Every structure is written in C-alpha cells, then in structure tokens.
file model_2.csv (CSV, C-alpha atoms)
chain,number,residue,atom,x,y,z
G,1,MET,CA,107.5,113.4,101.9
G,2,ALA,CA,111.0,112.3,101.1
G,3,THR,CA,113.5,112.5,104.0
G,4,SER,CA,116.1,115.3,103.8
G,5,LYS,CA,119.8,115.0,104.8
G,6,TRP,CA,120.3,115.5,108.6
G,7,ALA,CA,122.2,118.8,108.1
G,8,SER,CA,119.1,120.2,106.3
G,9,LEU,CA,116.8,118.8,109.0
G,10,ALA,CA,118.9,120.5,111.7
G,11,ALA,CA,118.7,123.8,109.9
G,12,VAL,CA,115.0,123.6,109.5
G,13,GLY,CA,114.7,122.8,113.2
G,14,ALA,CA,116.8,125.8,114.1
G,15,LEU,CA,114.7,128.1,111.9
G,16,CYS,CA,111.5,126.8,113.5
G,17,THR,CA,112.9,127.4,117.0
G,18,LEU,CA,114.0,131.0,116.2
G,19,ALA,CA,110.6,131.7,114.6
G,20,LEU,CA,108.9,130.2,117.7
G,21,THR,CA,106.5,128.4,115.4
G,22,ALA,CA,105.7,124.7,115.3
G,23,CYS,CA,107.0,122.9,112.3
G,24,GLY,CA,105.0,120.1,110.7
G,25,GLY,CA,101.4,121.1,111.3
G,26,SER,CA,99.5,119.1,108.8
G,27,ASP,CA,102.6,118.1,106.9
G,28,SER,CA,103.9,114.6,106.9
G,29,SER,CA,107.3,115.4,108.4
G,30,THR,CA,108.6,117.5,111.2
G,31,ALA,CA,112.3,118.0,111.8
G,32,SER,CA,113.9,119.6,114.9
G,33,GLY,CA,117.4,120.0,116.2
G,34,SER,CA,118.9,120.9,119.6
G,35,PRO,CA,116.9,123.6,121.2
G,36,SER,CA,119.9,125.4,122.7
G,37,GLY,CA,121.8,125.7,119.5
G,38,GLY,CA,124.3,123.0,120.6
G,39,ALA,CA,124.9,119.9,118.6
G,40,SER,CA,122.5,117.0,119.4
G,41,LYS,CA,124.2,113.8,120.3
G,42,GLY,CA,121.9,111.8,118.1
G,43,THR,CA,118.6,111.9,116.3
G,44,VAL,CA,115.3,110.1,116.9
G,45,GLY,CA,113.2,109.0,114.0
G,46,VAL,CA,109.5,108.8,114.6
G,47,ILE,CA,106.9,107.2,112.3
G,48,LEU,CA,103.3,108.0,113.1
G,49,PRO,CA,100.7,105.7,111.5
G,50,ASP,CA,98.0,108.0,109.9
G,51,ALA,CA,95.8,111.0,110.4
G,52,THR,CA,92.4,109.3,110.1
G,53,THR,CA,91.9,106.4,112.6
G,54,SER,CA,92.3,109.0,115.4
G,55,PRO,CA,93.0,112.8,115.3
G,56,ARG,CA,95.4,112.4,118.2
G,57,TRP,CA,98.4,111.4,116.0
G,58,GLU,CA,98.7,114.8,114.3
G,59,ASN,CA,96.8,117.0,116.8
G,60,ASN,CA,98.4,115.8,120.0
G,61,ASP,CA,101.3,113.3,119.6
G,62,ARG,CA,103.2,115.1,117.0
G,63,PRO,CA,103.4,118.5,118.9
G,64,SER,CA,103.9,116.7,122.2
G,65,LEU,CA,106.8,114.6,120.9
G,66,ASP,CA,108.4,117.6,119.0
G,67,ALA,CA,108.3,119.7,122.1
G,68,ALA,CA,109.6,117.0,124.4
G,69,PHE,CA,112.5,116.2,122.1
G,70,LYS,CA,113.4,119.8,121.8
G,71,ALA,CA,113.3,120.3,125.6
G,72,ALA,CA,115.5,117.2,126.0
G,73,GLY,CA,118.0,118.4,123.5
G,74,VAL,CA,117.3,115.5,121.1
G,75,GLY,CA,117.2,116.0,117.4
G,76,SER,CA,114.2,114.4,115.7
G,77,ASP,CA,112.5,113.6,112.4
G,78,ILE,CA,108.8,112.9,112.8
G,79,GLN,CA,106.9,111.6,109.8
G,80,ASN,CA,103.5,110.2,109.1
G,81,ALA,CA,102.9,107.1,107.0
G,82,GLY,CA,99.4,108.2,106.0
G,83,GLY,CA,98.0,104.7,106.5
G,84,ASP,CA,100.2,103.3,103.8
G,85,THR,CA,102.3,100.3,104.7
G,86,ALA,CA,104.5,100.8,101.7
G,87,LYS,CA,105.2,104.4,102.7
G,88,PHE,CA,105.8,103.2,106.2
G,89,GLY,CA,108.5,100.9,105.0
G,90,THR,CA,110.1,103.6,102.8
G,91,ILE,CA,110.2,106.0,105.7
G,92,CYS,CA,111.7,103.3,107.9
G,93,ASP,CA,114.4,102.4,105.4
G,94,SER,CA,115.3,106.1,104.9
G,95,MET,CA,115.6,106.8,108.6
G,96,ILE,CA,117.8,103.7,109.2
G,97,ASN,CA,120.0,104.7,106.2
G,98,GLU,CA,120.3,108.2,107.5
G,99,GLY,CA,121.6,106.9,110.8
G,100,VAL,CA,119.1,107.7,113.5
G,101,LYS,CA,120.2,106.6,116.9
G,102,VAL,CA,116.7,105.6,118.0
G,103,LEU,CA,113.7,104.6,115.9
G,104,MET,CA,110.3,105.1,117.4
G,105,ILE,CA,107.2,103.7,115.6
G,106,VAL,CA,103.5,103.4,115.8
G,107,ASN,CA,102.9,100.4,113.6
G,108,LEU,CA,100.1,100.1,111.0
G,109,ASP,CA,100.0,96.4,111.3
G,110,PRO,CA,102.2,93.8,113.0
G,111,GLU,CA,103.9,92.5,109.8
G,112,SER,CA,105.2,95.9,108.4
G,113,GLY,CA,106.0,97.1,111.9
G,114,ALA,CA,108.0,94.0,112.8
G,115,ALA,CA,109.9,94.2,109.5
G,116,CYS,CA,110.9,97.7,110.3
G,117,LEU,CA,112.0,97.0,113.8
G,118,LYS,CA,114.0,94.0,112.8
G,119,LYS,CA,115.9,96.1,110.2
G,120,ALA,CA,116.6,98.6,112.9
G,121,THR,CA,118.0,95.9,115.2
G,122,ALA,CA,120.1,94.5,112.4
G,123,ALA,CA,121.6,98.0,111.9
G,124,GLY,CA,122.4,98.4,115.6
G,125,ILE,CA,119.6,101.0,116.2
G,126,SER,CA,117.6,100.9,119.5
G,127,SER,CA,113.9,101.0,119.0
G,128,ILE,CA,110.8,102.1,120.9
G,129,ASP,CA,107.3,100.9,120.3
G,130,TYR,CA,105.2,104.1,120.9
G,131,ASP,CA,101.6,103.7,122.1
G,132,ARG,CA,101.1,100.4,120.2
G,133,LEU,CA,103.2,97.3,120.8
G,134,THR,CA,104.4,95.5,117.7
G,135,PRO,CA,104.0,91.7,118.2
G,136,GLY,CA,107.1,89.9,117.1
G,137,GLY,CA,109.0,93.1,116.5
G,138,GLY,CA,111.5,92.9,119.3
G,139,ALA,CA,111.5,96.6,120.2
G,140,SER,CA,114.0,97.6,122.9
G,141,TYR,CA,111.3,99.4,124.8
G,142,TYR,CA,107.5,100.1,124.8
G,143,VAL,CA,106.1,103.4,125.8
G,144,SER,CA,102.3,103.7,126.2
G,145,PHE,CA,99.4,104.0,128.5
G,146,ASP,CA,98.2,101.0,130.5
G,147,ASN,CA,95.8,99.9,127.8
G,148,VAL,CA,94.1,97.3,129.9
G,149,VAL,CA,93.2,100.0,132.3
G,150,VAL,CA,92.0,102.1,129.4
G,151,GLY,CA,89.5,99.3,128.6
G,152,GLU,CA,88.5,98.9,132.2
G,153,LEU,CA,87.6,102.6,132.3
G,154,MET,CA,85.4,102.2,129.3
G,155,GLY,CA,83.6,99.2,130.8
G,156,GLN,CA,83.2,100.9,134.1
G,157,GLY,CA,82.0,104.0,132.4
G,158,LEU,CA,79.3,102.1,130.5
G,159,GLU,CA,78.1,100.4,133.6
G,160,LYS,CA,77.9,103.8,135.5
G,161,CYS,CA,76.0,105.4,132.6
G,162,LEU,CA,73.5,102.5,132.4
G,163,THR,CA,73.0,102.6,136.2
G,164,ALA,CA,72.5,106.4,136.0
G,165,ASP,CA,69.8,105.7,133.4
G,166,GLY,CA,68.1,103.3,135.8
G,167,LYS,CA,68.9,100.2,133.8
G,168,LYS,CA,69.5,97.2,135.9
G,169,SER,CA,69.5,94.8,132.9
G,170,ALA,CA,70.8,95.6,129.5
G,171,ASN,CA,71.7,94.3,126.1
G,172,ILE,CA,75.2,95.5,125.3
G,173,ILE,CA,77.5,95.4,122.3
G,174,TYR,CA,81.2,95.7,121.7
G,175,ILE,CA,82.5,97.7,118.7
G,176,ASN,CA,86.2,96.8,119.0
G,177,GLY,CA,89.3,98.3,117.3
G,178,ALA,CA,91.2,96.8,114.5
G,179,GLU,CA,91.9,93.1,114.9
G,180,THR,CA,95.5,93.6,113.8
G,181,ASP,CA,96.1,96.2,116.6
G,182,ASN,CA,97.5,94.7,119.8
G,183,ASN,CA,96.1,97.7,121.7
G,184,ALA,CA,92.6,96.8,120.5
G,185,SER,CA,93.1,93.4,122.2
G,186,LEU,CA,94.2,95.0,125.4
G,187,PHE,CA,91.3,97.5,125.4
G,188,LYS,CA,88.9,94.6,125.0
G,189,GLU,CA,90.6,92.6,127.7
G,190,GLY,CA,90.0,95.6,130.0
G,191,TYR,CA,86.3,96.3,129.2
G,192,ALA,CA,85.5,92.6,129.2
G,193,LYS,CA,87.1,92.3,132.6
G,194,ALA,CA,85.2,95.3,134.0
G,195,LEU,CA,81.8,94.1,132.6
G,196,LYS,CA,82.3,90.4,133.5
G,197,PRO,CA,80.5,90.5,136.8
G,198,LYS,CA,77.4,92.0,135.2
G,199,LEU,CA,77.5,89.5,132.3
G,200,ASP,CA,78.1,86.5,134.6
G,201,SER,CA,75.2,87.5,136.7
G,202,GLY,CA,72.9,87.8,133.7
G,203,ASP,CA,72.1,91.4,134.4
G,204,TYR,CA,73.8,92.3,131.1
G,205,LYS,CA,73.7,90.3,127.9
G,206,LEU,CA,76.4,90.6,125.2
G,207,VAL,CA,74.5,90.6,122.0
G,208,GLY,CA,77.2,91.8,119.6
G,209,ASP,CA,81.0,91.7,119.5
G,210,VAL,CA,82.6,92.9,116.3
G,211,SER,CA,85.4,95.1,114.9
G,212,GLY,CA,84.9,98.6,113.7
G,213,GLU,CA,88.5,98.8,112.4
G,214,TRP,CA,89.0,102.2,113.9
G,215,ASP,CA,86.9,103.6,111.1
G,216,ALA,CA,83.7,105.7,111.7
G,217,ASN,CA,81.9,104.3,108.7
G,218,LYS,CA,82.8,100.7,109.3
G,219,ALA,CA,81.8,101.0,112.9
G,220,ALA,CA,78.5,102.6,111.9
G,221,ASN,CA,77.8,99.8,109.5
G,222,ALA,CA,78.7,97.2,112.1
G,223,PHE,CA,76.3,98.8,114.5
G,224,ASP,CA,73.6,98.8,111.9
G,225,GLY,CA,74.0,95.1,111.4
G,226,LEU,CA,73.8,94.4,115.2
G,227,TYR,CA,70.9,96.8,115.6
G,228,SER,CA,68.9,94.9,112.9
G,229,LYS,CA,69.9,91.5,114.3
G,230,ASN,CA,68.7,92.4,117.7
G,231,ASN,CA,65.5,94.1,116.5
G,232,GLY,CA,66.7,97.4,117.9
G,233,LYS,CA,67.1,96.1,121.4
G,234,ILE,CA,70.5,97.5,122.3
G,235,ASP,CA,70.9,99.3,125.6
G,236,GLY,CA,74.6,100.2,125.7
G,237,ILE,CA,77.6,100.3,123.5
G,238,VAL,CA,81.3,100.0,124.1
G,239,SER,CA,83.0,101.8,121.3
G,240,ALA,CA,86.7,101.4,121.5
G,241,ASN,CA,87.5,105.0,120.4
G,242,ASP,CA,85.8,108.4,119.8
G,243,THR,CA,86.2,108.2,116.0
G,244,MET,CA,84.1,105.0,115.8
G,245,ALA,CA,81.7,106.4,118.5
G,246,GLY,CA,81.0,109.4,116.2
G,247,GLY,CA,80.0,107.2,113.3
G,248,ILE,CA,77.7,105.1,115.6
G,249,ILE,CA,76.1,108.2,117.2
G,250,ALA,CA,75.1,109.3,113.7
G,251,ARG,CA,73.2,106.1,113.2
G,252,LEU,CA,71.7,106.4,116.7
G,253,LYS,CA,70.5,109.9,115.7
G,254,ALA,CA,68.9,108.4,112.6
G,255,ASN,CA,66.9,106.0,114.9
G,256,GLY,CA,66.0,108.7,117.4
G,257,LEU,CA,68.3,107.1,120.0
G,258,ALA,CA,71.2,109.6,120.4
G,259,GLY,CA,71.6,110.3,124.1
G,260,LYS,CA,69.3,107.5,125.0
G,261,VAL,CA,71.7,104.6,124.4
G,262,PRO,CA,75.0,105.2,126.3
G,263,ILE,CA,78.2,104.8,124.3
G,264,THR,CA,81.8,105.0,125.3
G,265,GLY,CA,84.9,106.2,123.6
G,266,GLN,CA,88.5,107.1,124.1
G,267,ASP,CA,91.1,109.7,123.0
G,268,ALA,CA,89.3,112.8,124.4
G,269,SER,CA,89.2,114.0,120.8
G,270,VAL,CA,87.5,117.3,119.8
G,271,GLY,CA,84.6,115.3,118.3
G,272,GLY,CA,84.3,113.0,121.4
G,273,LEU,CA,84.2,116.0,123.8
G,274,GLN,CA,81.6,117.7,121.7
G,275,GLN,CA,79.4,114.5,121.8
G,276,ILE,CA,79.8,114.4,125.6
G,277,LEU,CA,78.8,118.1,125.9
G,278,ALA,CA,75.8,117.3,123.7
G,279,GLY,CA,74.8,114.3,125.9
G,280,ASN,CA,75.3,111.8,123.0
G,281,GLN,CA,78.4,110.1,124.4
G,282,CYS,CA,78.6,109.0,128.0
G,283,MET,CA,82.4,109.1,128.5
G,284,THR,CA,85.8,109.0,126.9
G,285,VAL,CA,89.2,108.0,128.1
G,286,TYR,CA,91.8,110.8,128.3
G,287,LYS,CA,95.3,109.9,127.5
G,288,ASN,CA,97.5,113.0,128.0
G,289,THR,CA,100.1,112.6,125.3
G,290,ASP,CA,102.4,114.9,127.1
G,291,LEU,CA,103.0,112.2,129.7
G,292,GLU,CA,103.6,109.6,127.0
G,293,ALA,CA,105.9,111.9,124.9
G,294,SER,CA,107.8,112.9,128.1
G,295,LEU,CA,108.5,109.2,128.9
G,296,ALA,CA,109.5,108.5,125.3
G,297,SER,CA,111.9,111.5,125.0
G,298,LYS,CA,113.6,110.6,128.4
G,299,LEU,CA,114.1,107.0,127.2
G,300,ALA,CA,115.5,108.2,123.9
G,301,ILE,CA,118.0,110.6,125.4
G,302,ASP,CA,119.2,108.0,127.9
G,303,ILE,CA,119.7,105.5,125.0
G,304,ILE,CA,121.5,108.2,123.0
G,305,ASN,CA,123.7,109.0,126.0
G,306,GLY,CA,124.5,105.3,126.5
G,307,ASP,CA,122.7,105.3,129.9
G,308,LYS,CA,121.1,101.9,129.8
G,309,ALA,CA,120.6,101.9,133.6
G,310,GLY,CA,118.7,105.2,133.3
G,311,ALA,CA,116.5,103.9,130.5
G,312,ASP,CA,115.8,100.7,132.4
G,313,ALA,CA,114.9,102.8,135.5
G,314,LEU,CA,112.2,104.6,133.4
G,315,ALA,CA,110.8,101.3,132.1
G,316,THR,CA,109.6,100.1,135.4
G,317,GLY,CA,107.2,97.6,134.0
G,318,SER,CA,107.0,95.0,131.3
G,319,VAL,CA,104.4,93.6,128.9
G,320,THR,CA,104.4,90.2,127.2
G,321,ASP,CA,104.9,90.1,123.4
G,322,PRO,CA,101.9,87.9,122.3
G,323,THR,CA,103.9,86.5,119.5
G,324,THR,CA,107.3,85.8,121.0
G,325,LYS,CA,106.0,85.4,124.6
G,326,GLN,CA,109.0,87.5,125.7
G,327,PRO,CA,108.8,90.4,128.1
G,328,VAL,CA,109.2,93.9,126.7
G,329,LYS,CA,110.5,96.6,129.0
G,330,SER,CA,107.8,99.2,129.3
G,331,ALA,CA,107.0,102.7,130.6
G,332,LEU,CA,103.3,103.0,131.0
G,333,ALA,CA,101.4,106.3,131.8
G,334,THR,CA,98.0,106.4,133.6
G,335,PRO,CA,94.8,107.2,131.7
G,336,GLU,CA,91.7,109.0,133.1
G,337,ALA,CA,88.0,108.7,132.5
G,338,ILE,CA,86.2,111.9,131.3
G,339,THR,CA,82.5,112.5,131.6
G,340,LYS,CA,80.5,115.7,131.5
G,341,ALA,CA,81.3,116.1,135.3
G,342,ASN,CA,85.1,116.5,134.8
G,343,ILE,CA,85.2,117.5,131.1
G,344,LYS,CA,87.3,120.6,131.9
G,345,LYS,CA,90.3,118.4,132.7
G,346,PRO,CA,91.8,118.1,129.1
G,347,PHE,CA,91.1,121.8,128.5
G,348,ASP,CA,92.9,122.8,131.8
G,349,ASP,CA,95.9,120.6,130.8
G,350,GLY,CA,96.1,122.3,127.3
G,351,PHE,CA,95.4,118.9,125.6
G,352,VAL,CA,92.5,120.5,123.6
G,353,GLN,CA,91.6,124.1,123.0
G,354,ALA,CA,88.2,125.7,123.7
G,355,SER,CA,88.4,127.4,120.3
G,356,ASP,CA,88.4,124.0,118.6
G,357,VAL,CA,85.7,122.4,120.6
G,358,CYS,CA,83.4,125.3,121.5
G,359,THR,CA,82.2,126.1,118.0
G,360,GLY,CA,78.6,126.5,116.6
G,361,PRO,CA,76.0,124.8,118.8
G,362,TYR,CA,78.7,123.7,121.3
G,363,ALA,CA,79.6,127.2,122.3
G,364,LYS,CA,76.7,127.5,124.7
G,365,LEU,CA,77.3,124.0,126.0
G,366,CYS,CA,80.9,124.9,126.8
G,367,GLN,CA,79.7,128.0,128.6
G,368,GLN,CA,77.3,125.9,130.7
G,369,ALA,CA,80.2,123.5,131.5
G,370,GLY,CA,82.5,126.4,132.6
G,371,ILE,CA,84.8,126.0,129.6
G,372,SER,CA,86.2,129.2,128.2
call {"tool": "encode", "arguments": {"input": "model_2.csv", "output": "structure tokens"}}
result
Amino acid sequence: MATSKWASLAAVGALCTLALTACGGSDSSTASGSPSGGASKGTVGVILPDATTSPRWENNDRPSLDAAFKAAGVGSDIQNAGGDTAKFGTICDSMINEGVKVLMIVNLDPESGAACLKKATAAGISSIDYDRLTPGGGASYYVSFDNVVVGELMGQGLEKCLTADGKKSANIIYINGAETDNNASLFKEGYAKALKPKLDSGDYKLVGDVSGEWDANKAANAFDGLYSKNNGKIDGIVSANDTMAGGIIARLKANGLAGKVPITGQDASVGGLQQILAGNQCMTVYKNTDLEASLASKLAIDIINGDKAGADALATGSVTDPTTKQPVKSALATPEAITKANIKKPFDDGFVQASDVCTGPYAKLCQQAGIS
C-alpha cells in the first residue's frame, strides 16, 4: 500500500478513533493521530516484516502498537512489508521522505534492515529496532524481550517434559529459526545453555541441529530428514517457534508420534495454544506484546519530546551488535513459559481470545482447562 500524506493519515486516525474501531486489520497500513484531538508533536513510522513467519505481527503487535501510540499521543503509520525486501525498502524511503520523527523496524534480513536504518540516521531520524536487532544497522535503541531467556525457557521446558515422560536419556534435535535473524541466534544461545548440563553428562544426545527458516513446511521437511537419518529415534524437539512446531507436529502425527515426542515453541499463538490443549506441544513462550509496545511507545514519545534522559532511563540495558561489536541501548521485557498448567494466562491478559482458540475440537478442551 502506498503511503499517504500525513494530513490524510491524521484524518484517517481521527475517524478511526471516533468510530471506536481498529484501523488496519488485515490491511498493510494503519495510520493514527493524536487520540485527544490535539496535534501530535511527531509521527512514528513502523515497518512490520510479514504475516506468515508468525501470526503475532498482525494479530498482536499491530494492535498493541497502535493502541500504545494513541494512548501516548503519538501519531503513527504502521505498515507491513509482506516478506518482500523491495517493499520494505520502498516503505522505508517513503516514511523517511514524509518526515517521521522516529522510525521503528522489524527487519526482514540484516542487509535491507541496516540499509534502511542508515538512511534514517543520515536524515537525522532516530530509530528503534523492534523485537529483532539489526546487526550493523546502528539503531538508536532496541526494544524486545530478553531473547536469550526466551531460549532458556524453551530448553528448560523440553527437559521438564522429557522428565515428566520418565525419560532420563534422550536423543534431541534443534529446529532453529532463520539463520539471518539475530533473534534466532539468541534463542539458540538460550536453549543450548539450558540443555548443556544434560548434553555434557551424556544423558541427552544432540542428533540434529538445523534451520527451519521460520516456515512450517521447511521445518517439517527438516524434521523428516533428521527423523530418517536417526532411524526414527528422536525423543525431544526444540522448535524455535509455534509456526514451525505446527508443521513438525503434522509429521509427528503421520508417524503416530504426536503427543509422544515433546516439542517446544514460542509466541503463544492460536495454533500453538491449540496444540498444547491437545497435548501435542509441550510448551510455548508467551511474550506479551503489550509490554513491548508500551516500552516502544514510551521511548518514541521521549525521543519526539527531545527527552534523551527519559529515553535512556527506559533503556536500562544494552546488547552487543554482533557486527559492529558496539553496545545498543536496550529496553527488554520478560517472557513467560506456558504449559497446559498455566495456559489461561494469555487469555486472562487479553493476548488471545477464547473465540479464536476454542473452536471445533478445541472447544471441549478449553472448557476442561477452564477457558471461557
């Protein structure tokens, strides 16, 4: 979708507010203005990556960010690149030319993300890496969850599930995220750290370590290859997100192993929660995007107000850019492990709706879990 002039965007935002409806939905662009009717001091441009690698970007991040910016009195233009780096670049150029005060991106890959951030810096625009650090990009700030902890939760979760199944020894595999995604490296760092004692002791053996590229089909095919290579002797699977776990679970079902081989995930997606209810997925990692969006909007408004001290006070940590080796000021939220035992948590928080999850065969399972 082509970017409109800011006057038009502000008008659309005002109409959306008056109508009390969410703009954007499944569209590629959401525009909002000052919620109180007063003039916004500046506009934040947000580029989301796609709608396929995880449902969170459109189902959770877009509405969370839109609501947070409105509540903070910050005008915003939220667009989705649809997995297309050329479109990502076009949106970036358009937002810079239109004069956003802050540019927030979730990169598709380090190269196109860094090119965008460097253009923003050259134009005097502050930037925020949202959820995913862009190596070599030089973003002003980084807002995300502690992604090493996300990985640790997955590793700990797999060990707990294997132990609950009475397995003291196990052949395990890693189906990692995309190799171009810095987050995927952090997740792997976390679950490798959590499982290291079991691997070092010889209780667990790592018999596969491959990328699933955040894609359900690619992850499923990667699992098939490892399953054949190991003559079906796979006892546990670290899947780096729910989307890939869903593809792998389909192959487990085909082999009569769904629910018998524990598998992890993350994102607390509708599909992931359904698989946990059905007993096919042992856990997921819940990252409440409201926390992430709140940090991002507070940073943005401090930047727009010229309050560098306030922004720096929010960014209480730092991460090291793996390319430049320089620290990036960071605000990191805390993730949470979700199993069947505490599956109500994302529903109680409003992160997901029972009407989306508790459909068809999952309705009775939700009832049994106390989800209504």
call {"tool": "residues_around", "arguments": {"input": "model_2.csv", "residues": "Asp235 of chain G", "least_positions_apart": "5", "cutoff": "9 Å", "atoms": "only C-alpha atoms", "output": "number ranges by chain"}}
result
G: 162, 167, 169-173, 260-262
call {"tool": "write_last_selection", "arguments": {"input": "model_2.csv", "atoms": "C-alpha atoms", "output": "PDB file, keeping the file's coordinate frame"}}
result
ATOM      1  CA  LEU G 162      73.500 102.500 132.400  1.00  0.00           C
ATOM      2  CA  LYS G 167      68.900 100.200 133.800  1.00  0.00           C
ATOM      3  CA  SER G 169      69.500  94.800 132.900  1.00  0.00           C
ATOM      4  CA  ALA G 170      70.800  95.600 129.500  1.00  0.00           C
ATOM      5  CA  ASN G 171      71.700  94.300 126.100  1.00  0.00           C
ATOM      6  CA  ILE G 172      75.200  95.500 125.300  1.00  0.00           C
ATOM      7  CA  ILE G 173      77.500  95.400 122.300  1.00  0.00           C
ATOM      8  CA  LYS G 260      69.300 107.500 125.000  1.00  0.00           C
ATOM      9  CA  VAL G 261      71.700 104.600 124.400  1.00  0.00           C
ATOM     10  CA  PRO G 262      75.000 105.200 126.300  1.00  0.00           C
TER      11      PRO G 262
END
call {"tool": "atom_distance", "arguments": {"input": "model_2.csv", "atom1": "atom CA of Ile276 of chain G", "atom2": "atom CA of Glu292 of chain G"}}
result
24.3 Å
call {"tool": "closest_residue", "arguments": {"input": "model_2.csv", "among": "G:Ala333, G:Ala67, G:Val210, G:Ala219", "to": "Gly247 of chain G", "atoms": "only C-alpha atoms"}}
result
G:Ala219
call {"tool": "closest_residue", "arguments": {"input": "model_2.csv", "among": "G:Val44, G:Val150, G:Val319, G:Ala72", "to": "Ala240 of chain G", "atoms": "all atoms listed in the file"}}
result
G:Val150
call {"tool": "atom_distance", "arguments": {"input": "model_2.csv", "atom1": "atom CA of Leu108 of chain G", "atom2": "atom CA of Asp84 of chain G"}}
result
7.9 Å
call {"tool": "atom_distance", "arguments": {"input": "model_2.csv", "atom1": "atom CA of Glu111 of chain G", "atom2": "atom CA of Ala51 of chain G"}}
result
20.2 Å
call {"tool": "residues_around", "arguments": {"input": "model_2.csv", "residues": "Asn288 of chain G", "least_positions_apart": "4", "cutoff": "12 Å", "atoms": "all atoms listed in the file", "output": "number ranges by chain"}}
result
G: 56, 59-61, 64-65, 131, 144-145, 266-269, 292-295, 332-338, 345-352
call {"tool": "residues_around", "arguments": {"input": "model_2.csv", "residues": "Asn80 of chain G", "least_positions_apart": "6", "cutoff": "6 Å", "atoms": "only C-alpha atoms", "output": "PyMOL selection string"}}
result
chain G and resi 28+47-50
call {"tool": "residues_around", "arguments": {"input": "model_2.csv", "residues": "Ser318 of chain G", "least_positions_apart": "3", "cutoff": "7 Å", "atoms": "only C-alpha atoms", "output": "PyMOL selection string"}}
result
chain G and resi 327-330
call {"tool": "closest_residue", "arguments": {"input": "model_2.csv", "among": "G:Lys253, G:Tyr141, G:Ala114, G:Lys193", "to": "Leu314 of chain G", "atoms": "all atoms listed in the file"}}
result
G:Tyr141
call {"tool": "closest_residue", "arguments": {"input": "model_2.csv", "among": "G:Asn305, G:Asn280, G:Thr134, G:Thr53", "to": "Gly177 of chain G", "atoms": "all atoms listed in the file"}}
result
G:Thr53
call {"tool": "closest_residue", "arguments": {"input": "model_2.csv", "among": "G:Ser239, G:Asn176, G:Cys282, G:Gly317", "to": "Ala164 of chain G", "atoms": "only C-alpha atoms"}}
result
G:Cys282
call {"tool": "closest_residue", "arguments": {"input": "model_2.csv", "among": "G:Val102, G:Ala315, G:Met244, G:Cys161", "to": "Ala222 of chain G", "atoms": "all atoms listed in the file"}}
result
G:Met244
call {"tool": "residues_around", "arguments": {"input": "model_2.csv", "residues": "Lys344 of chain G", "least_positions_apart": "6", "cutoff": "9 Å", "atoms": "all atoms listed in the file", "output": "MDAnalysis selection string"}}
result
chainID G and resid 338 369:371
